[in-house]
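Visitor: Below is query.cif; it holds mmCIF, C-alpha atoms.
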data_run
#
loop_
_atom_site.label_atom_id
_atom_site.label_comp_id
_atom_site.auth_asym_id
_atom_site.auth_seq_id
_atom_site.Cartn_x
_atom_site.Cartn_y
_atom_site.Cartn_z
CA MET M 64 -161.26 -66.01 202.70
CA LYS M 65 -161.34 -68.22 199.62
CA PRO M 66 -158.30 -67.91 197.28
CA ARG M 67 -160.27 -69.45 194.40
CA GLU M 68 -162.89 -66.69 194.42
CA LYS M 69 -162.67 -63.13 193.11
CA GLY M 70 -161.69 -60.57 195.71
CA TRP M 71 -159.32 -62.85 197.62
CA LEU M 72 -156.39 -60.44 197.32
CA LYS M 73 -158.28 -57.53 198.91
CA GLU M 74 -159.40 -59.79 201.78
CA TYR M 75 -155.86 -61.08 202.23
CA LEU M 76 -154.34 -57.58 202.43
CA GLU M 77 -156.93 -56.50 204.97
CA PHE M 78 -156.29 -59.54 207.13
CA ARG M 79 -152.49 -59.35 206.88
CA LYS M 80 -152.20 -55.56 207.12
CA GLU M 81 -150.74 -55.41 210.65
CA LEU M 82 -148.28 -58.28 210.07
CA LEU M 83 -146.99 -56.75 206.82
CA LYS M 84 -146.76 -53.31 208.43
CA ASP M 85 -144.54 -54.81 211.14
CA LEU M 86 -141.89 -55.54 208.48
CA THR M 87 -141.42 -51.81 207.88
CA THR M 88 -140.80 -50.62 211.45
CA GLU M 89 -137.59 -48.79 212.29
CA THR M 90 -136.59 -51.59 214.69
CA LYS M 91 -137.02 -54.34 212.07
CA ARG M 92 -135.24 -52.32 209.40
CA LYS M 93 -132.18 -51.80 211.61
CA ALA M 94 -132.14 -55.35 213.01
CA SER M 95 -130.61 -57.00 209.96
CA HIS M 96 -130.00 -56.68 206.23
CA PRO M 97 -133.27 -56.81 204.22
CA GLU M 98 -132.11 -59.99 202.46
CA TYR M 99 -131.63 -61.73 205.81
CA SER M 100 -135.10 -60.60 206.86
CA LEU M 101 -136.61 -61.80 203.58
CA TYR M 102 -134.95 -65.21 204.03
CA ARG M 103 -136.44 -65.44 207.52
CA VAL M 104 -139.90 -64.67 206.08
CA ILE M 105 -139.69 -67.03 203.09
CA GLN M 106 -137.62 -70.04 204.26
CA PRO M 107 -140.00 -71.33 206.97
CA THR M 108 -142.94 -71.25 204.53
CA GLY M 109 -141.26 -73.81 202.26
CA LEU M 110 -141.52 -71.59 199.16
CA MET M 111 -137.76 -71.86 198.56
CA TYR M 112 -138.18 -75.64 198.39
CA GLY M 113 -141.33 -75.64 196.26
CA GLN M 114 -143.40 -76.63 199.30
CA VAL M 115 -146.52 -75.08 200.82
CA VAL M 116 -146.49 -76.76 204.22
CA GLY M 117 -145.57 -73.70 206.27
CA ASP M 118 -148.13 -72.33 208.70
CA ILE M 119 -150.57 -69.79 207.25
CA ASN M 120 -152.42 -68.17 210.15
CA ILE M 121 -155.53 -67.22 208.21
CA PRO M 122 -159.04 -68.46 209.09
CA GLU M 123 -160.20 -71.52 207.09
CA SER M 124 -156.74 -72.02 205.53
CA GLU M 125 -156.92 -75.68 206.58
CA HIS M 126 -159.54 -76.14 203.84
CA TRP M 127 -157.33 -74.73 201.07
CA ASN M 128 -155.69 -76.94 198.47
CA GLU M 129 -152.01 -76.82 197.52
CA ARG M 130 -152.46 -74.14 194.85
CA ASP M 131 -154.52 -71.93 197.17
CA ARG M 132 -151.71 -72.02 199.72
CA MET M 133 -149.05 -71.46 197.08
CA LYS M 134 -150.89 -68.39 195.77
CA ILE M 135 -151.09 -66.83 199.22
CA LEU M 136 -147.43 -67.60 199.98
CA LEU M 137 -146.33 -66.09 196.66
CA ALA M 138 -148.39 -62.94 197.26
CA GLU M 139 -146.99 -62.61 200.79
CA SER M 140 -143.40 -63.16 199.61
CA LEU M 141 -143.67 -60.55 196.83
CA LEU M 142 -145.23 -58.00 199.20
CA SER M 143 -142.65 -58.77 201.92
CA SER M 144 -139.83 -58.28 199.41
CA SER M 145 -141.18 -54.85 198.50
CA LEU M 146 -141.78 -53.76 202.11
CA LEU M 147 -138.44 -54.96 203.47
CA PHE M 148 -136.54 -52.90 200.91
CA GLN M 149 -138.41 -49.66 201.68
CA GLU M 150 -135.95 -46.86 202.33
CA LYS M 151 -138.04 -45.30 205.11
CA PRO M 152 -140.28 -46.73 207.83
CA ILE M 153 -144.01 -46.51 207.09
CA LYS M 154 -145.73 -44.42 209.75
CA THR M 155 -149.40 -44.11 208.78
CA PRO M 156 -152.15 -46.43 207.45
CA GLU M 157 -152.40 -44.17 204.40
CA GLU M 158 -148.70 -44.65 203.62
CA LEU M 159 -149.10 -48.42 203.96
CA SER M 160 -152.12 -48.45 201.61
CA GLY M 161 -150.13 -46.41 199.11
CA ILE M 162 -147.22 -48.86 199.26
CA PHE M 163 -149.63 -51.80 198.82
CA LEU M 164 -151.14 -50.26 195.67
CA LYS M 165 -147.73 -49.36 194.26
CA THR M 166 -146.47 -52.91 194.93
CA LEU M 167 -149.54 -54.51 193.33
CA GLU M 168 -149.02 -52.34 190.26
CA SER M 169 -145.37 -53.44 190.16
CA ILE M 170 -146.43 -57.11 190.44
CA SER M 171 -148.72 -56.74 187.39
CA ASN M 172 -146.07 -54.92 185.37
CA PHE M 173 -143.41 -57.42 186.39
CA TYR M 174 -145.30 -60.51 185.24
CA ASN M 175 -146.66 -58.83 182.10
CA ASN M 176 -143.13 -57.88 181.03
CA ILE M 177 -140.97 -60.72 182.31
CA PHE M 178 -143.47 -63.56 181.86
CA PRO M 179 -145.19 -62.61 178.58
CA GLU M 180 -146.98 -65.97 178.57
CA LEU M 181 -148.95 -64.70 181.60
CA SER M 182 -149.87 -61.27 180.21
CA ILE M 183 -153.47 -60.17 180.68
CA PRO M 184 -155.53 -57.32 179.14
CA THR M 185 -155.87 -54.16 181.21
CA LYS M 186 -159.52 -53.67 180.21
CA THR M 187 -162.65 -55.79 180.47
CA LEU M 188 -164.66 -56.96 177.44
CA PHE M 189 -166.85 -53.88 177.90
CA GLY M 190 -163.90 -51.49 177.86
CA ARG M 191 -163.72 -50.75 181.60
CA LYS M 192 -160.18 -50.29 182.86
CA LYS M 193 -159.39 -52.92 185.46
CA THR M 194 -158.25 -51.76 188.89
CA VAL M 195 -154.72 -52.35 190.18
CA MET M 196 -156.17 -54.91 192.63
CA GLU M 197 -158.01 -56.81 189.86
CA LEU M 198 -154.94 -56.95 187.61
CA ALA M 199 -152.62 -58.17 190.38
CA GLU M 200 -155.13 -60.77 191.56
CA ARG M 201 -155.66 -62.20 188.07
CA ILE M 202 -151.98 -62.34 187.21
CA LEU M 203 -151.16 -64.14 190.48
CA ASP M 204 -153.98 -66.57 189.66
CA LYS M 205 -152.40 -67.24 186.27
CA ARG M 206 -148.90 -67.65 187.72
CA ILE M 207 -150.08 -70.39 190.06
CA GLU M 208 -152.11 -72.03 187.29
CA HIS M 209 -148.76 -72.48 185.51
CA THR M 210 -147.32 -74.49 188.40
CA ASN M 211 -147.85 -78.20 188.88
CA ALA M 212 -149.58 -79.90 191.78
CA PHE M 213 -147.72 -82.87 193.30
CA GLU M 214 -149.20 -83.17 196.76
CA GLY M 215 -147.14 -85.48 198.95
CA ASN M 216 -144.20 -85.76 196.52
CA PHE M 217 -141.45 -83.59 197.99
CA TRP M 218 -139.01 -83.92 195.11
CA ALA M 219 -141.50 -83.35 192.30
CA SER M 220 -142.86 -80.27 194.09
CA PHE M 221 -139.35 -79.06 194.84
CA PHE M 222 -138.23 -78.90 191.24
CA HIS M 223 -141.54 -77.84 189.74
CA ASN M 224 -142.37 -75.07 192.16
CA THR M 225 -139.11 -73.90 193.70
CA LEU M 226 -138.77 -71.55 190.72
CA LEU M 227 -141.36 -69.35 192.42
CA PHE M 228 -138.50 -68.24 194.66
CA LEU M 229 -136.72 -66.88 191.59
CA ASP M 230 -139.86 -64.84 190.84
CA VAL M 231 -139.53 -63.21 194.26
CA PHE M 232 -135.80 -62.61 193.85
CA ILE M 233 -136.07 -61.03 190.37
CA PHE M 234 -139.09 -58.98 191.46
CA GLY M 235 -136.98 -57.54 194.29
CA GLN M 236 -134.61 -56.16 191.64
CA TRP M 237 -137.35 -55.14 189.21
CA ILE M 238 -139.13 -52.76 191.62
CA HIS M 239 -136.01 -50.57 191.85
CA THR M 240 -135.72 -49.97 188.09
CA ASN M 241 -137.50 -47.93 185.46
CA ALA M 242 -139.25 -50.64 183.51
CA ASP M 243 -138.47 -49.75 179.91
CA LYS M 244 -137.95 -52.26 177.08
CA VAL M 245 -134.21 -52.60 177.64
CA VAL M 246 -134.73 -53.33 181.34
CA ALA M 247 -137.50 -55.83 180.57
CA ASP M 248 -135.25 -57.61 178.05
CA PHE M 249 -132.49 -57.84 180.67
CA PHE M 250 -134.76 -59.36 183.29
CA ARG M 251 -136.22 -61.87 180.84
CA TYR M 252 -132.64 -62.91 180.03
CA GLU M 253 -131.81 -63.10 183.76
CA ARG M 254 -134.88 -65.24 184.37
CA GLU M 255 -133.69 -67.82 181.84
CA GLU M 256 -130.08 -67.71 183.01
CA LEU M 257 -130.99 -68.21 186.66
CA ARG M 258 -133.30 -71.11 185.82
CA PHE M 259 -130.50 -72.72 183.82
CA SER M 260 -128.11 -72.10 186.72
CA VAL M 261 -130.39 -74.25 188.90
CA VAL M 262 -129.96 -77.09 186.38
CA LYS M 263 -126.17 -76.72 186.59
CA VAL M 264 -126.20 -76.70 190.40
CA ILE M 265 -128.33 -79.87 190.46
CA ALA M 266 -126.01 -81.59 187.97
CA SER M 267 -122.88 -80.54 189.84
CA ALA M 268 -124.24 -81.74 193.19
CA ALA M 269 -125.56 -85.01 191.75
CA HIS M 270 -122.02 -85.87 190.53
CA ALA M 271 -120.43 -85.07 193.90
CA ASN M 272 -119.87 -88.74 194.77
CA LYS M 273 -119.09 -89.69 191.14
CA GLU M 274 -122.25 -91.79 190.99
CA ILE M 275 -125.68 -90.70 189.77
CA ALA M 276 -128.39 -92.37 191.83
CA TYR M 277 -131.80 -93.17 190.35
CA GLU M 278 -133.39 -90.52 192.57
CA GLU M 279 -130.97 -87.88 191.31
CA LYS M 280 -131.79 -88.74 187.70
CA LYS M 281 -135.45 -88.19 188.47
CA LEU M 282 -134.63 -84.71 189.77
CA LEU M 283 -133.52 -83.53 186.36
CA GLU M 284 -136.63 -85.00 184.80
CA TYR M 285 -138.84 -83.17 187.28
CA PHE M 286 -136.99 -79.92 186.77
CA LEU M 287 -136.97 -79.97 182.97
CA GLN M 288 -140.70 -80.59 182.95
CA SER M 289 -141.25 -77.46 185.03
CA THR M 290 -139.21 -74.99 182.97
CA ASP M 291 -139.85 -73.27 179.68
CA LEU M 292 -136.31 -73.90 178.47
CA SER M 293 -135.81 -73.96 174.72
CA HIS M 294 -135.16 -77.27 172.96
CA GLU M 295 -131.45 -76.36 172.72
CA ARG M 296 -131.23 -75.44 176.41
CA LYS M 297 -132.91 -78.71 177.39
CA ARG M 298 -130.39 -80.61 175.26
CA GLN M 299 -127.56 -78.76 177.00
CA ALA M 300 -129.08 -79.52 180.40
CA ILE M 301 -129.26 -83.25 179.68
CA GLN M 302 -125.64 -83.22 178.48
CA ILE M 303 -124.46 -81.34 181.56
CA PHE M 304 -126.30 -83.78 183.78
CA GLU M 305 -124.79 -86.81 182.05
CA ASP M 306 -121.23 -85.44 182.08
CA GLY M 307 -121.33 -83.48 185.32
CA ILE M 308 -119.99 -79.96 185.76
CA ALA M 309 -117.24 -78.66 188.02
CA VAL M 310 -118.18 -76.07 190.63
CA GLU M 311 -115.95 -73.45 189.02
CA ASP M 312 -117.67 -73.99 185.66
CA ILE M 313 -121.19 -73.28 186.91
CA ASN M 314 -120.53 -69.57 186.27
CA LEU M 315 -123.12 -68.09 188.58
CA PRO M 316 -123.38 -64.30 188.19
CA SER M 317 -120.47 -62.70 190.03
CA GLU M 318 -122.69 -60.09 191.71
CA ASN M 319 -124.99 -62.65 193.33
CA SER M 320 -126.95 -61.46 196.31
CA TRP M 321 -126.72 -63.24 199.66
CA ILE M 322 -130.22 -64.71 199.46
CA LEU M 323 -129.71 -65.98 195.89
CA LYS M 324 -126.47 -67.71 196.89
CA LYS M 325 -128.29 -69.16 199.89
CA PHE M 326 -130.95 -70.52 197.53
CA PHE M 327 -128.35 -72.21 195.29
CA LEU M 328 -126.58 -73.71 198.31
CA GLU M 329 -129.82 -75.15 199.67
CA VAL M 330 -130.76 -76.52 196.22
CA ALA M 331 -127.41 -78.36 196.27
CA ILE M 332 -127.98 -79.70 199.80
CA LEU M 333 -131.45 -80.99 198.96
CA THR M 334 -130.17 -82.58 195.75
CA LEU M 335 -127.67 -84.57 197.83
CA TRP M 336 -130.47 -85.53 200.21
CA ALA M 337 -132.40 -87.16 197.36
CA ASP M 338 -130.56 -90.48 197.70
CA LYS M 339 -130.96 -90.71 201.49
CA LYS M 340 -127.41 -90.23 202.80
CA VAL M 341 -124.96 -87.34 202.57
CA GLU M 342 -121.57 -89.05 202.23
CA GLN M 343 -118.19 -87.56 203.10
CA SER M 344 -117.40 -86.89 199.42
CA GLU M 345 -120.68 -85.00 199.18
CA LEU M 346 -119.90 -82.97 202.30
CA ASP M 347 -116.52 -82.14 200.75
CA TYR M 348 -118.39 -81.03 197.63
CA LEU M 349 -120.65 -78.74 199.67
CA LYS M 350 -117.61 -77.15 201.33
CA SER M 351 -116.11 -76.58 197.89
CA PHE M 352 -119.38 -75.08 196.65
CA CYS M 353 -119.51 -72.78 199.68
CA HIS M 354 -115.99 -71.58 198.92
CA TYR M 355 -117.07 -70.88 195.33
CA LEU M 356 -120.02 -68.83 196.64
CA ASN M 357 -117.72 -66.96 199.07
CA PHE M 358 -119.56 -68.59 201.96
CA SER M 359 -117.91 -69.96 205.08
CA GLU M 360 -118.40 -73.42 206.59
CA GLU M 361 -120.57 -71.67 209.17
CA ASP M 362 -122.89 -70.62 206.32
CA LEU M 363 -123.06 -74.27 205.26
CA GLU M 364 -123.82 -75.36 208.82
CA ASN M 365 -126.58 -72.74 209.06
CA SER M 366 -128.19 -73.93 205.83
CA MET M 367 -128.08 -77.54 207.05
CA ILE M 368 -129.78 -76.39 210.26
CA ALA M 369 -132.41 -74.43 208.30
CA ILE M 370 -133.26 -77.40 206.06
CA GLU M 371 -133.26 -79.98 208.85
CA GLY M 372 -135.39 -77.72 211.04
CA PHE M 373 -137.90 -77.16 208.23
CA VAL M 374 -138.14 -80.88 207.48
CA LEU M 375 -138.54 -81.87 211.15
CA GLU M 376 -141.21 -79.23 211.74
CA HIS M 377 -143.29 -80.52 208.81
CA TRP M 378 -142.33 -84.20 208.81
CA SER M 379 -145.90 -85.51 208.85
CA GLN M 380 -146.78 -83.40 205.79
CA LEU M 381 -143.73 -84.38 203.73
CA GLU M 382 -144.83 -87.95 203.08
CA HIS M 383 -142.56 -88.64 200.10
CA LEU M 384 -139.50 -87.39 201.97
CA GLN M 385 -140.14 -89.89 204.75
CA ASN M 386 -139.08 -92.66 202.35
CA LYS M 387 -135.70 -91.00 201.84
CA GLN M 388 -134.68 -89.81 205.28
CA ASP M 389 -134.73 -91.38 208.72
CA TYR M 390 -136.54 -89.15 211.24
CA HIS M 391 -134.37 -90.21 214.16
CA GLU M 392 -131.16 -89.62 212.22
CA VAL M 393 -132.26 -86.17 211.00
CA SER M 394 -133.47 -85.12 214.46
CA GLU M 395 -130.31 -86.28 216.24
CA GLN M 396 -128.12 -84.46 213.71
CA PHE M 397 -130.22 -81.30 214.11
CA ILE M 398 -130.07 -81.48 217.92
CA LYS M 399 -126.26 -81.84 217.80
CA ARG M 400 -125.92 -78.79 215.55
CA ILE M 401 -128.13 -76.62 217.78
CA ALA M 402 -126.39 -77.89 220.93
CA LYS M 403 -123.01 -76.74 219.52
CA ILE M 404 -124.41 -73.25 218.93
CA ALA M 405 -125.92 -73.16 222.44
CA GLU M 406 -122.61 -74.25 223.98
CA ARG M 407 -120.72 -71.54 222.06
CA ASN M 408 -123.19 -68.96 223.38
CA LYS M 409 -123.52 -70.28 226.93
CA GLY M 410 -122.57 -66.97 228.51
CA ARG M 411 -125.28 -65.12 226.61
CA LEU M 412 -127.87 -67.78 227.53
CA VAL M 413 -126.96 -67.65 231.23
CA LYS M 414 -127.41 -63.86 231.14
CA GLU M 415 -130.80 -64.27 229.40
CA ILE M 416 -132.00 -66.76 232.03
CA HIS M 417 -131.04 -64.50 234.92
CA GLU M 418 -132.84 -61.59 233.26
CA HIS M 419 -136.09 -63.57 232.93
CA GLU M 420 -137.75 -63.75 236.34
CA ASP M 421 -140.49 -66.09 235.07
CA VAL M 422 -137.94 -68.70 234.05
CA MET M 423 -135.99 -68.36 237.27
CA ASN M 424 -139.20 -68.87 239.29
CA LEU M 425 -140.07 -71.97 237.28
CA LEU M 426 -136.56 -73.33 237.79
CA ARG M 427 -136.83 -72.78 241.55
CA LYS M 428 -140.21 -74.51 241.65
CA ALA M 429 -138.94 -77.42 239.54
CA ARG M 430 -136.30 -78.24 242.19
CA SER M 431 -138.95 -79.47 244.61
CA ASN M 432 -142.20 -79.86 242.63
CA GLU M 433 -143.28 -81.16 239.27
CA LEU M 434 -144.33 -78.36 236.92
CA THR M 435 -147.89 -78.29 235.61
CA LEU M 436 -148.53 -78.72 231.87
CA ASP M 437 -149.13 -74.97 231.54
CA GLU M 438 -145.90 -74.20 233.38
CA LYS M 439 -143.94 -76.62 231.19
CA GLU M 440 -145.37 -74.98 228.09
CA LYS M 441 -144.52 -71.51 229.42
CA MET M 442 -140.96 -72.62 230.14
CA ARG M 443 -140.70 -74.18 226.67
CA GLN M 444 -141.80 -70.93 225.01
CA GLU M 445 -139.42 -68.86 227.16
CA LEU M 446 -136.43 -71.10 226.32
CA ILE M 447 -137.23 -70.88 222.59
CA GLN M 448 -137.36 -67.08 222.87
CA MET M 449 -133.92 -67.16 224.52
CA LEU M 450 -132.50 -69.26 221.70
CA LYS M 451 -133.93 -66.74 219.24
CA THR M 452 -131.66 -64.05 220.72
CA LEU M 453 -128.56 -65.91 219.47
CA PRO M 454 -127.11 -64.40 216.26
CA THR M 455 -127.64 -67.61 214.24
CA PHE M 456 -131.38 -67.58 214.92
CA VAL M 457 -131.87 -63.95 214.01
CA ILE M 458 -131.77 -65.26 210.43
CA ILE M 459 -132.76 -68.93 210.79
CA ALA M 460 -136.24 -69.79 212.05
CA LEU M 461 -136.47 -72.39 214.81
CA PRO M 462 -138.92 -75.31 214.41
CA GLN M 463 -141.47 -74.43 217.09
CA LYS M 464 -143.44 -77.70 217.21
CA PHE M 465 -140.35 -79.92 217.10
CA LEU M 466 -138.68 -78.14 220.03
CA THR M 467 -140.44 -79.84 222.94
CA LEU M 468 -139.20 -79.19 226.47
CA PRO M 469 -137.30 -82.51 226.67
CA ILE M 470 -135.53 -81.70 223.37
CA LEU M 471 -134.71 -78.17 224.55
CA LEU M 472 -133.15 -79.58 227.70
CA LYS M 473 -131.02 -81.89 225.51
CA ILE M 474 -129.93 -78.91 223.39
CA LEU M 475 -129.03 -76.49 226.17
CA PRO M 476 -125.66 -76.96 227.95
CA ARG M 477 -126.02 -79.37 230.89
CA ASN M 478 -124.57 -76.95 233.42
CA LEU M 479 -126.52 -73.97 232.09
CA PHE M 480 -128.92 -74.06 235.02
CA ALA M 481 -126.54 -73.70 237.91
CA GLU M 482 -129.05 -74.91 240.48
CA GLY M 483 -130.35 -77.83 238.40
CA VAL M 484 -133.67 -78.53 236.73
CA ASN M 485 -136.19 -81.24 237.56
CA THR M 486 -139.09 -80.57 235.22
CA ASP M 487 -140.05 -84.21 234.71
CA ALA M 488 -140.64 -83.00 231.16
CA SER M 489 -141.03 -86.37 229.56
#
Turn this file's structure into structure tokens for me.
Guide:
Amino acid sequence: MKPREKGWLKEYLEFRKELLKDLTTETKRKASHPEYSLYRVIQPTGLMYGQVVGDINIPESEHWNERDRMKILLAESLLSSSLLFQEKPIKTPEELSGIFLKTLESISNFYNNIFPELSIPTKTLFGRKKTVMELAERILDKRIEHTNAFEGNFWASFFHNTLLFLDVFIFGQWIHTNADKVVADFFRYEREELRFSVVKVIASAAHANKEIAYEEKKLLEYFLQSTDLSHERKRQAIQIFEDGIAVEDINLPSENSWILKKFFLEVAILTLWADKKVEQSELDYLKSFCHYLNFSEEDLENSMIAIEGFVLEHWSQLEHLQNKQDYHEVSEQFIKRIAKIAERNKGRLVKEIHEHEDVMNLLRKARSNELTLDEKEKMRQELIQMLKTLPTFVIIALPQKFLTLPILLKILPRNLFAEGVNTDAS
């Protein structure tokens, strides 16, 4: 599959059909709120942070450039948003195909109405009416052409391309409305307001320690370059950034969804990360911001875990970020956070271990023999699956590659394995 060639969208849907269908099952629909499920789909990909480093399990994807990957992630996020909010489970291939076509039509209508600068004709030069697939493919091509490529520069990519998340969020609202002119006008207004809200969140977070670092000043520059704000709005943004803005004056919409509030919180966290350290005054700011969003400190902790886990999983790909954060410091902080959650849920984990015969057998063997590489890998995978049963990790994805067996044994409570473990994992 080649995202730069015509027909890529049809190939993508065919390849991803089973994975996308899985989002609509009765079990998945009842497991958690659709917004939690959407966060779990989008956050590990990096789309919320303007990154395209998440794993894309499609043949030849290692040969794609940044925009190819971004296009596929945007298409998958828009389709996932539509499927997760389906009222009924999809039972047949025909129903799934019908939902795909309806969603693709909604994608075309959405961008044509809300992003008039991307609008495309519905007919060819020879008067043939374009198919739903052709229209959706071309408009997604154009949307990605309007982004900026900054391979290797985390912060530039973050503030140029993180706005794609707002596309997905607004689209999730759009598909449940009758798209008349009044509705389209509302969503165009919301698009501008939400983009400006990101500016205010950045400014507010940057002033948290009463000192604007050079890196934080660059963030505004990156962001303003990426938006289509009017001259007056850009002037206001610069003023807000120079003066700062109190949390209570940000005036985010009062009916914010959970995933949108999560996005704003994680924008604030990453803004504070820009100058290397998160100081106590900045942590106090984040707690205040959480209170403003009606989030608890547990929500803040979960977002810190989500961001740290994402960064650790893709450390080698986030070259620019390596200059700003210390890998050891980030990993130790992440391990401490996960260890606290594991300790709080020790009873559940003990129960899980005793219900998994494979793990128990490996533990028994490890008491007297060194495990083979295959056995260590099996144990690693089993322990990760057990962690995934904890409520926190129903929503937050765990960094699979980062969680080696030695790290897992540091995370899990020391007395979790009553009979002891000698895996010689290092």
Visitor: Written as a PyMOL selection string, what is the full residue list that the PyMOL selection byres ((chain M and resi 362-368) around 10) yields on the file shown?
Guide: chain M and resi 325-326+328-329+332-333+346+349-350+352-354+357-361+369-374+396-401+455-456+458-461
Visitor: Keeping C-alpha atoms for every residue in the selection just given, could you write it to a file as a JSON list (two decimals), in the frame of the given file?
Guide:
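Writing done, so here's part-v3.json:
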[["chain", "number", "residue", "atom", "x", "y", "z"],
["M", 325, "LYS", "CA", -128.29, -69.16, 199.89],
["M", 326, "PHE", "CA", -130.95, -70.52, 197.53],
["M", 328, "LEU", "CA", -126.58, -73.71, 198.31],
["M", 329, "GLU", "CA", -129.82, -75.15, 199.67],
["M", 332, "ILE", "CA", -127.98, -79.70, 199.80],
["M", 333, "LEU", "CA", -131.45, -80.99, 198.96],
["M", 346, "LEU", "CA", -119.90, -82.97, 202.30],
["M", 349, "LEU", "CA", -120.65, -78.74, 199.67],
["M", 350, "LYS", "CA", -117.61, -77.15, 201.33],
["M", 352, "PHE", "CA", -119.38, -75.08, 196.65],
["M", 353, "CYS", "CA", -119.51, -72.78, 199.68],
["M", 354, "HIS", "CA", -115.99, -71.58, 198.92],
["M", 357, "ASN", "CA", -117.72, -66.96, 199.07],
["M", 358, "PHE", "CA", -119.56, -68.59, 201.96],
["M", 359, "SER", "CA", -117.91, -69.96, 205.08],
["M", 360, "GLU", "CA", -118.40, -73.42, 206.59],
["M", 361, "GLU", "CA", -120.57, -71.67, 209.17],
["M", 369, "ALA", "CA", -132.41, -74.43, 208.30],
["M", 370, "ILE", "CA", -133.26, -77.40, 206.06],
["M", 371, "GLU", "CA", -133.26, -79.98, 208.85],
["M", 372, "GLY", "CA", -135.39, -77.72, 211.04],
["M", 373, "PHE", "CA", -137.90, -77.16, 208.23],
["M", 374, "VAL", "CA", -138.14, -80.88, 207.48],
["M", 396, "GLN", "CA", -128.12, -84.46, 213.71],
["M", 397, "PHE", "CA", -130.22, -81.30, 214.11],
["M", 398, "ILE", "CA", -130.07, -81.48, 217.92],
["M", 399, "LYS", "CA", -126.26, -81.84, 217.80],
["M", 400, "ARG", "CA", -125.92, -78.79, 215.55],
["M", 401, "ILE", "CA", -128.13, -76.62, 217.78],
["M", 455, "THR", "CA", -127.64, -67.61, 214.24],
["M", 456, "PHE", "CA", -131.38, -67.58, 214.92],
["M", 458, "ILE", "CA", -131.77, -65.26, 210.43],
["M", 459, "ILE", "CA", -132.76, -68.93, 210.79],
["M", 460, "ALA", "CA", -136.24, -69.79, 212.05],
["M", 461, "LEU", "CA", -136.47, -72.39, 214.81]]
Visitor: Mind checking which residues fall within 9 Å of segment 244-248 of chain M, counting all atoms listed in the file, ignoring those fewer than 4 positions away in the same chain, and posting them as a VMD selection string?
Guide: chain M and resid 173 176 to 177 237 240 252 to 253
Visitor: Segment 109-112 of chain M: which residues within 6 Å, counting all atoms listed in the file, same-chain residues fewer than 2 positions away excluded, as a list in words?
Guide: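 Counting all atoms listed in the file, the residues come to Gln106, Pro107, Gln114, Val115, Gly117, Phe221, Thr225 and Phe228 of chain M.
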Visitor: For each of M:Arg206, M:Lys273, M:Lys451, M:Lys134, take the minimum atom-to-atom distance to Asn408 of chain M, counting only C-alpha atoms, then give the residue where this is smallest.
Guide: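 The closest residue to Asn408 of chain M is M:Lys451.
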Visitor: Of the candidates M:Met64, M:Ala268, M:Leu164, M:Met449, which shows the shortest atom-to-atom distance to Glu123 of chain M, using only C-alpha atoms?
Guide: M:Met64
Visitor: Using atom CA of Arg130 of chain M and atom CA of Glu208 of chain M as the two end points, give the distance in Å to one decimal.
Guide: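 According to the coordinates, atom CA of Arg130 of chain M and atom CA of Glu208 of chain M are separated by 7.9 Å.
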Visitor: To one decimal place, how far is atom CA of Asp131 of chain M from atom CA of Arg67 of chain M in Å?
Guide: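 Straight-line distance from atom CA of Asp131 of chain M to atom CA of Arg67 of chain M works out to 6.8 Å.
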Visitor: Go through segment 175-259 of chain M and flag each residue having an atom no more than 9 Å from segment 290-314 of chain M; for those, report the closest pair of atoms plus their distance in Å to one decimal, using only C-alpha atoms, ordered by chain and rising number, as JSON lines.
Guide:
{"residue": "M:His223", "atom": "CA", "partner": "M:Thr290", "partner_atom": "CA", "distance": 7.7}
{"residue": "M:Leu226", "atom": "CA", "partner": "M:Thr290", "partner_atom": "CA", "distance": 8.5}
{"residue": "M:Glu255", "atom": "CA", "partner": "M:Leu292", "partner_atom": "CA", "distance": 7.4}
{"residue": "M:Arg258", "atom": "CA", "partner": "M:Thr290", "partner_atom": "CA", "distance": 7.6}
{"residue": "M:Phe259", "atom": "CA", "partner": "M:Ala300", "partner_atom": "CA", "distance": 7.7}
Visitor: If I take atom CA of Ile404 of chain M and atom CA of Tyr390 of chain M, how far is one from the other in Å, to one decimal?
Guide: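 Taking atom CA of Ile404 of chain M and atom CA of Tyr390 of chain M, their separation equals 21.4 Å.
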Visitor: Can you work out which one of M:Val422, M:Ala402, M:Val116, M:Met196 has the shortest atom-to-atom distance to Tyr75 of chain M, counting all atoms listed in the file?
Guide: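 Nearest candidate to Tyr75 of chain M out of M:Val422, M:Ala402, M:Val116, M:Met196: M:Met196.
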Visitor: Do you know which residues are at most 10 Å from Leu76 of chain M counting all atoms listed in the file, after dropping those on the same chain fewer than 2 positions away, and could you put them as a PyMOL selection string?
Guide: chain M and resi 71-74+78-83+138-139+142+160+163
Visitor: Expand the PyMOL selection byres ((chain M and resi 101) around 9) into the individual residues it matches in the shown file, reporting them as a list in words.
Guide: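 What the PyMOL selection byres ((chain M and resi 101) around 9) grabs from the file is His96, Pro97, Glu98, Tyr99, Ser100, Tyr102, Arg103, Val104, Ile105, Gln106, Ser140, Ser143, Ser144, Leu147 and Ile322 of chain M.
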Visitor: When distances are computed from all atoms listed in the file, which of M:Phe178, M:Trp321, M:Phe232, M:Thr194 shows the smallest separation from Arg251 of chain M?
Guide: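 Distance minimum relative to Arg251 of chain M lands on M:Phe178.
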Visitor: Kindly resolve the PyMOL selection byres ((chain M and resi 182-188) around 10) on the present coordinates and return the residues as number ranges by chain.
Guide: M: 171-181, 189-195, 197-199, 201-202, 205-206
